[in-house]
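Visitor: The structure's right below; bear with me while I get my questions together.
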Number of protein chains: 4
Amino acid sequence: MIDFRSDNTGKAAPEILAALVEANRGTALGYGGDDWTARLQQRFSELFETAVRVFPVATGTAANALSLAALGPSWGIVYCSEAAHINTSEANAAGFFGGGLKLAPLPGMWGKIDLAAFEEALAGVAPGQIHKGVPSAVSLTQATDLGAVYPLDEVRAIAAAAKARGLRVHLDGARFANALARLQCSPAEASWRAGIDIMSFGATKNGGALCDAIVVFAPGLADSLAPQLRRAGQTWSKMRFSSAQLIAYVEGGLWLRMAAAANAAAARIGKALQEIPGVRLRAPVEANEIFLELGSDAMDALERDGFRFYRRSRTLARFVCRFDTTEAEAAALAAALRRHCGAG
Amino acid sequence: MIDFRSDNTGKAAPEILAALVEANRGTALGYGGDDWTARLQQRFSELFETAVRVFPVATGTAANALSLAALGPSWGIVYCSEAAHINTSEANAAGFFGGGLKLAPLPGMWGKIDLAAFEEALAGVAPGQIHKGVPSAVSLTQATDLGAVYPLDEVRAIAAAAKARGLRVHLDGARFANALARLQCSPAEASWRAGIDIMSFGATKNGGALCDAIVVFAPGLADSLAPQLRRAGQTWSKMRFSSAQLIAYVEGGLWLRMAAAANAAAARIGKALQEIPGVRLRAPVEANEIFLELGSDAMDALERDGFRFYRRSRTLARFVCRFDTTEAEAAALAAALRRHCGAG
Amino acid sequence: MIDFRSDNTGKAAPEILAALVEANRGTALGYGGDDWTARLQQRFSELFETAVRVFPVATGTAANALSLAALGPSWGIVYCSEAAHINTSEANAAGFFGGGLKLAPLPGMWGKIDLAAFEEALAGVAPGQIHKGVPSAVSLTQATDLGAVYPLDEVRAIAAAAKARGLRVHLDGARFANALARLQCSPAEASWRAGIDIMSFGATKNGGALCDAIVVFAPGLADSLAPQLRRAGQTWSKMRFSSAQLIAYVEGGLWLRMAAAANAAAARIGKALQEIPGVRLRAPVEANEIFLELGSDAMDALERDGFRFYRRSRTLARFVCRFDTTEAEAAALAAALRRHCGAG
Amino acid sequence: MIDFRSDNTGKAAPEILAALVEANRGTALGYGGDDWTARLQQRFSELFETAVRVFPVATGTAANALSLAALGPSWGIVYCSEAAHINTSEANAAGFFGGGLKLAPLPGMWGKIDLAAFEEALAGVAPGQIHKGVPSAVSLTQATDLGAVYPLDEVRAIAAAAKARGLRVHLDGARFANALARLQCSPAEASWRAGIDIMSFGATKNGGALCDAIVVFAPGLADSLAPQLRRAGQTWSKMRFSSAQLIAYVEGGLWLRMAAAANAAAARIGKALQEIPGVRLRAPVEANEIFLELGSDAMDALERDGFRFYRRSRTLARFVCRFDTTEAEAAALAAALRRHCGAG
């Protein structure tokens, strides 16, 4: 079996588990009062070139939902892409943690938010009206849920449109490392310098094990987030074990190396697909995912060959490359796709 | 510094971290579709001598709040001890996850619920009335938050009173292992055979690292719990790493050995205190915690001697023994208490 | 000024206010324990030809949101038309009262739910999955928010598709009387006999004053609704004054006469529009509303002539006829539309 | 039958219903855009001698719960008397509308909050801690739920203690008129001048029919309240009919005359009780309620004599006087109490 099912079927980076084990010495104050968590704040503040607050959380869903709950009132409207994970795959955690907050999905290419659609939606909600809720935030996903990556100017333009109306800006960075590896820019450029107020900082999908994080850029947000995380059961009492994972994740550029490896495997497959006439990708392959329109015959054939992937619909297959996807596995899939997709 | 601050300042059992590292091989289906999580179901069903559903969660707060949310409607009343962690220390997570559910604290000795007080409270809410909410569950803490342990007949009596009115029964087992080590009974006897429908199965406070669990006994509860956990951001995509911890926690009786060690250290200190005239314990030392009424002079003196503990009020000190509290540390504290509490 | 702005700008039927005043005699038990509320149950049970439970509420938003909260779990998905009032104009009350419940808007003609789109949406949510929430109900609006009326066989087909998947069926009957006046069928045929489990029974938009109602058909729903209404601050202590309004509303067919008058006025205008070349209606005029595509020149001209209406967008005008819209007012608008819409 | 059951079993003042009927002329913009609602703002601003915002709502429960939701975050702690209606009788509406907000009941005499107990509770919650929630508001009930009235200096002292810690102050004024009639002070003195930020302005219990109100004193609160009321289904579209009631309620001092009549009836009964040896009142009779410790024989005898009242427990009877309680009724109850309580 060769596994292209999901980012989360893969292993954790051994470095991360080693750091977790290494943190198991001495006693340490609970609920984040330990040295590892203090170091995490410092390390990420260096990484992002500004003073940030970092909160380890168990999952990306927790990171997203609690970030959005912190950004606005419970009667807020949060704009996002139709394809956004928060809209399609998180059991409405945003609406739940947000106390009734409403997601307003917007159309766009390749899992992105279309700027014009966003502006039109904002224009349709008069300030002061009481019937629709109050626009409070926009959530961008970078890399997108269809495997594309926003150029920074697109992020900036959406953030600017949001701020012109007093909205806050959230980044769902479940695959932030993959986006950075693609964009070849700094974490700061891809986040707060582009207008992001708060982000879900993903690790699990890129070689992490048991935690992701919320990174807060905007002053004032962190204070209200702390009790909300505690209440959400997301504040580990032995937090050193999660903070140690996150420090190891970024140490020495590990996260970017892992993301680059996953992206490279996907790019190799994407390149092979370009050479096959009639092949239709749902979005350009810019990160570690490939969304391919395929007939069921071709899907069946790939499975017979031992490949595992998700059938997102009867005609859409998703292949995910992980940090531990080997070159041989990528080459094998590319070859198999050439065999089975030829006739389109 | 000798640390008696909390269960959560201690280390994790090396066996648990080793199991976590060992789980890092091959690919595995996400969100609990892996072999480790399947094995966890089987292992705990053997342990509890009945078919149970086990859901790993990040914290005891998540276990408690989501268990209670699963037990009754959002307009439910959940009875608990005044001293219960859910009432005093979890930022009203139960009320939040329960959608407005209300905790009704009851008096009782040593952190327990007084049966008569419970029955009187139930009698005060007429069936069918709409003004108070609807009694839906009772939550027992075992061992209690003051370090005592309910004898099984007391658990059974409260559970029976609850069921006579159609209420469900939750057990907050943050220190369940410590209670078992004291009661010398089986997990089954201390839980479903005594009337428990669902329990928070604690590991963190007893040598765990990053997860606790919900164990569901009552048929039908698990199905509604699964989407609530997913929505709560408590469903790890790489769940193998948490399931492996929980399997290792109980493997070969590790959990009971650790709890017995912690209890023994506390008992040693408790025994020394009994020999000091005038010393006042808030509750009998039956698990791993000691709640001692102390003047501030005595507290200051203990701190000067290098001991760390929590001042729960100006006159109440809490000392917690952990699985990794050494005999020497316990002996040292006993000696220091003899020195400083004599004049008590 | 001739007012076509909304149903709610109109007067209340004098009969309804007279009944309210007439209820002001003697003392009466609070919170629905009075004779008027008992009579309301009986009167509506006769009207609907089955035993129903009726709960007066302050507004249609309360009726909708609390009905939907009663129909399913807080992790439920409720399908509705994109144009549904619950989706566009109630500040996400359904998501709030539903504890995080998610509305899933569906496309369709004229404010209706398209059956095929509904079935496709249901097919996209696998039973037992945890990532999307659980489909729990569908909400139909009758008459629709664009002024059309579902034929009964369409209602039945959507209800049947829902029930085949275990979903409940809600009817937003803010303009139920207008729909009945159009369909010329009995209240029973248009509701529970067509598969409706619970309905928002509107009065305010059709000559009511200060209350609407929830009518419960499905056994078992009412018991959980009562404490939710109390908690929502929707259970009047002097309920006789609201029950008396609702009794008067249906007494002697008043509600249907008022709805027929409003529909007739709208039909008169609709007929005039059919005779104007190039005029484009957004939906057929089947109840008391007219949605007309108009240029801003024409809208300006109408306002200069003294007509008031809502501009739903730069190119869409809404004209609402009320029970107290006079024939002369309708004729005047028809004439003005002929004058200003000629050139289209 | 002579009815002393509750404030809400009585009639509405005819003046209020007449005003409602009188408002039924012409068309009027919906959702509070009408002339009556504008006049209500002006009239209450005069009454309170400061610019206030007034929001009509259906019930006192809605007024309380939405006021508290507006005062603080969903992780807030709201202090109140143990006997407060929000704590005992509103189905935890405050916890629900507050998104998980927690009520912290405090002891005190006669349904009041004891200042020392309040200060001790505040001292027990360290600023910045995350485990208990964040103290956000205190709610006073005036007159109290046991029929007493806070002197203004007690209100001021509690408000000052709250503000010293950054908490907001809510007044549950379900019987505000009765308190004013007792205190013989102005509405301003009893509210914002004493430190109240927002109040539930009761009318229903004092001759109202179908609405109470929220009165906002603190700048900034009203803006977030408006969408919350809309979402709560508490924003009537034909708001003129509720605003007209509230204007009539205060017009010419009607509210104070009605409250004075109710208080006088209660005082008459209270005076008679003072003359009976051995009689025990739960609280002094300072408003329109009498809480009397009575044996069940005496309660049975009163019922045989035709009196109706609430048995709050087996040994506590509540008698409520209303604006329409006649002198003869009060005299009859006083006489009956003399007959049956003698052996008390």
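Residue numbers start at 1 in each chain; chains themselves are named A, B, ... in the order of the structure tokens; ligands are numbered from 1 in the order shown.
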Output as a list in words the set of chain D residues within 6 Å of chain B, with distances taken over only C-alpha atoms.
Guide: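 Applying the cut-off to the listed atoms yields Ser89, Glu90, Ala91, Gly95, Phe96, Gly100, His131, Lys132 and Gly133 of chain D.
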Visitor: Segment 3-149 of chain C: which residues are helix (DSSP H, G or I) by DSSP, as a VMD selection string?
Guide: chain C and resid 7 to 9 14 to 22 35 to 48 60 to 71 85 to 88 93 to 97 109 to 111 115 to 123
Visitor: Which residues come within 6 Å of segment 200-209 of chain A, counting only C-alpha atoms, excluding same-chain residues fewer than 3 positions away, as a PyMOL selection string?
Guide: chain A and resi 7-8+12-13+63-64+172-174+212-214
Visitor: Quick check, in Å to one decimal: how far apart do atom CA of Leu20 of chain B and atom CA of Gln245 of chain B lie?
Guide: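 Calculated distance between atom CA of Leu20 of chain B and atom CA of Gln245 of chain B is 5.8 Å.
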Visitor: Report the residues of segment 104-325 of chain A whose backbone DSSP state falls under strand (DSSP E), written as a PyMOL selection string.
Guide: chain A and resi 104-106+134-141+168-173+198-201+212-216+280-281+289-293+307-308+310-313+316-320
Visitor: Show me, as JSON, numbers by chain, the residues that have an atom within 12 Å of Ala188 of chain B when counting only C-alpha atoms, minus same-chain residues fewer than 6 positions from it.
Guide: {"B": [44, 45, 46, 47, 48, 49, 50, 51, 52, 152, 176, 180, 194, 195, 196, 197, 199, 215, 217]}
Visitor: Kindly export the residues of the current selection with N, CA, C and O atoms, as an mmCIF file, in the first residue's frame.
Guide:
data_model
loop_
_atom_site.group_PDB
_atom_site.id
_atom_site.type_symbol
_atom_site.label_atom_id
_atom_site.label_comp_id
_atom_site.auth_asym_id
_atom_site.auth_seq_id
_atom_site.Cartn_x
_atom_site.Cartn_y
_atom_site.Cartn_z
ATOM 1 N N PHE B 44 -9.501 -1.474 27.074
ATOM 2 C CA PHE B 44 -10.307 -0.898 28.154
ATOM 3 C C PHE B 44 -11.588 -1.711 28.381
ATOM 4 O O PHE B 44 -12.098 -1.765 29.508
ATOM 5 N N SER B 45 -12.095 -2.321 27.338
ATOM 6 C CA SER B 45 -13.268 -3.182 27.533
ATOM 7 C C SER B 45 -12.899 -4.381 28.402
ATOM 8 O O SER B 45 -13.691 -4.803 29.259
ATOM 9 N N GLU B 46 -11.697 -4.916 28.196
ATOM 10 C CA GLU B 46 -11.233 -5.980 29.086
ATOM 11 C C GLU B 46 -11.062 -5.456 30.518
ATOM 12 O O GLU B 46 -11.495 -6.073 31.482
ATOM 13 N N LEU B 47 -10.422 -4.314 30.613
ATOM 14 C CA LEU B 47 -10.137 -3.731 31.921
ATOM 15 C C LEU B 47 -11.410 -3.501 32.721
ATOM 16 O O LEU B 47 -11.459 -3.732 33.929
ATOM 17 N N PHE B 48 -12.447 -3.025 32.037
ATOM 18 C CA PHE B 48 -13.709 -2.701 32.727
ATOM 19 C C PHE B 48 -14.712 -3.849 32.679
ATOM 20 O O PHE B 48 -15.836 -3.718 33.147
ATOM 21 N N GLU B 49 -14.314 -4.946 32.056
ATOM 22 C CA GLU B 49 -15.158 -6.151 32.017
ATOM 23 C C GLU B 49 -16.519 -5.909 31.382
ATOM 24 O O GLU B 49 -17.525 -6.518 31.788
ATOM 25 N N THR B 50 -16.558 -5.010 30.435
ATOM 26 C CA THR B 50 -17.779 -4.756 29.678
ATOM 27 C C THR B 50 -17.373 -3.980 28.425
ATOM 28 O O THR B 50 -16.273 -3.414 28.376
ATOM 29 N N ALA B 51 -18.230 -3.975 27.446
ATOM 30 C CA ALA B 51 -17.905 -3.236 26.221
ATOM 31 C C ALA B 51 -18.009 -1.746 26.481
ATOM 32 O O ALA B 51 -19.097 -1.244 26.775
ATOM 33 N N VAL B 52 -16.903 -1.046 26.400
ATOM 34 C CA VAL B 52 -16.917 0.398 26.599
ATOM 35 C C VAL B 52 -16.465 1.082 25.316
ATOM 36 O O VAL B 52 -15.866 0.468 24.436
ATOM 37 N N LEU B 152 -17.585 2.429 48.192
ATOM 38 C CA LEU B 152 -18.462 2.073 47.064
ATOM 39 C C LEU B 152 -19.937 2.169 47.415
ATOM 40 O O LEU B 152 -20.761 2.512 46.557
ATOM 41 N N PHE B 176 -8.871 8.626 39.547
ATOM 42 C CA PHE B 176 -9.548 7.336 39.664
ATOM 43 C C PHE B 176 -8.581 6.239 40.110
ATOM 44 O O PHE B 176 -8.917 5.395 40.945
ATOM 45 N N LEU B 180 -8.892 3.711 43.237
ATOM 46 C CA LEU B 180 -8.828 2.241 43.121
ATOM 47 C C LEU B 180 -7.749 1.670 44.038
ATOM 48 O O LEU B 180 -7.955 0.636 44.689
ATOM 49 N N ALA B 194 -21.275 0.258 39.996
ATOM 50 C CA ALA B 194 -21.798 1.117 41.063
ATOM 51 C C ALA B 194 -22.803 2.134 40.526
ATOM 52 O O ALA B 194 -23.319 2.947 41.287
ATOM 53 N N GLY B 195 -23.073 2.100 39.220
ATOM 54 C CA GLY B 195 -24.104 2.980 38.673
ATOM 55 C C GLY B 195 -23.595 4.104 37.795
ATOM 56 O O GLY B 195 -24.365 4.962 37.365
ATOM 57 N N ILE B 196 -22.288 4.106 37.498
ATOM 58 C CA ILE B 196 -21.723 5.192 36.668
ATOM 59 C C ILE B 196 -22.069 4.957 35.196
ATOM 60 O O ILE B 196 -21.885 3.854 34.679
ATOM 61 N N ASP B 197 -22.540 6.018 34.513
ATOM 62 C CA ASP B 197 -22.885 5.933 33.091
ATOM 63 C C ASP B 197 -21.731 6.339 32.194
ATOM 64 O O ASP B 197 -21.604 5.862 31.068
ATOM 65 N N MET B 199 -17.525 8.217 32.432
ATOM 66 C CA MET B 199 -16.520 8.738 33.356
ATOM 67 C C MET B 199 -15.407 9.482 32.640
ATOM 68 O O MET B 199 -15.066 9.188 31.489
ATOM 69 N N VAL B 215 -14.602 7.533 29.155
ATOM 70 C CA VAL B 215 -15.017 6.142 29.022
ATOM 71 C C VAL B 215 -16.530 6.090 29.161
ATOM 72 O O VAL B 215 -17.082 6.561 30.166
ATOM 73 N N PHE B 217 -19.974 4.001 29.410
ATOM 74 C CA PHE B 217 -20.575 2.718 29.759
ATOM 75 C C PHE B 217 -22.001 2.586 29.225
ATOM 76 O O PHE B 217 -22.392 1.528 28.781
#
Visitor: Please list as a list of chain:residue names every residue within 8 Å of Phe309 of chain C, counting only C-alpha atoms and excluding residues in the same chain fewer than 3 positions away.
Guide: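 So the residues in contact are C:Asp3, C:Phe4, C:Arg5, C:Ser6, C:Ala317, C:Arg318, C:Phe319, C:Val320.
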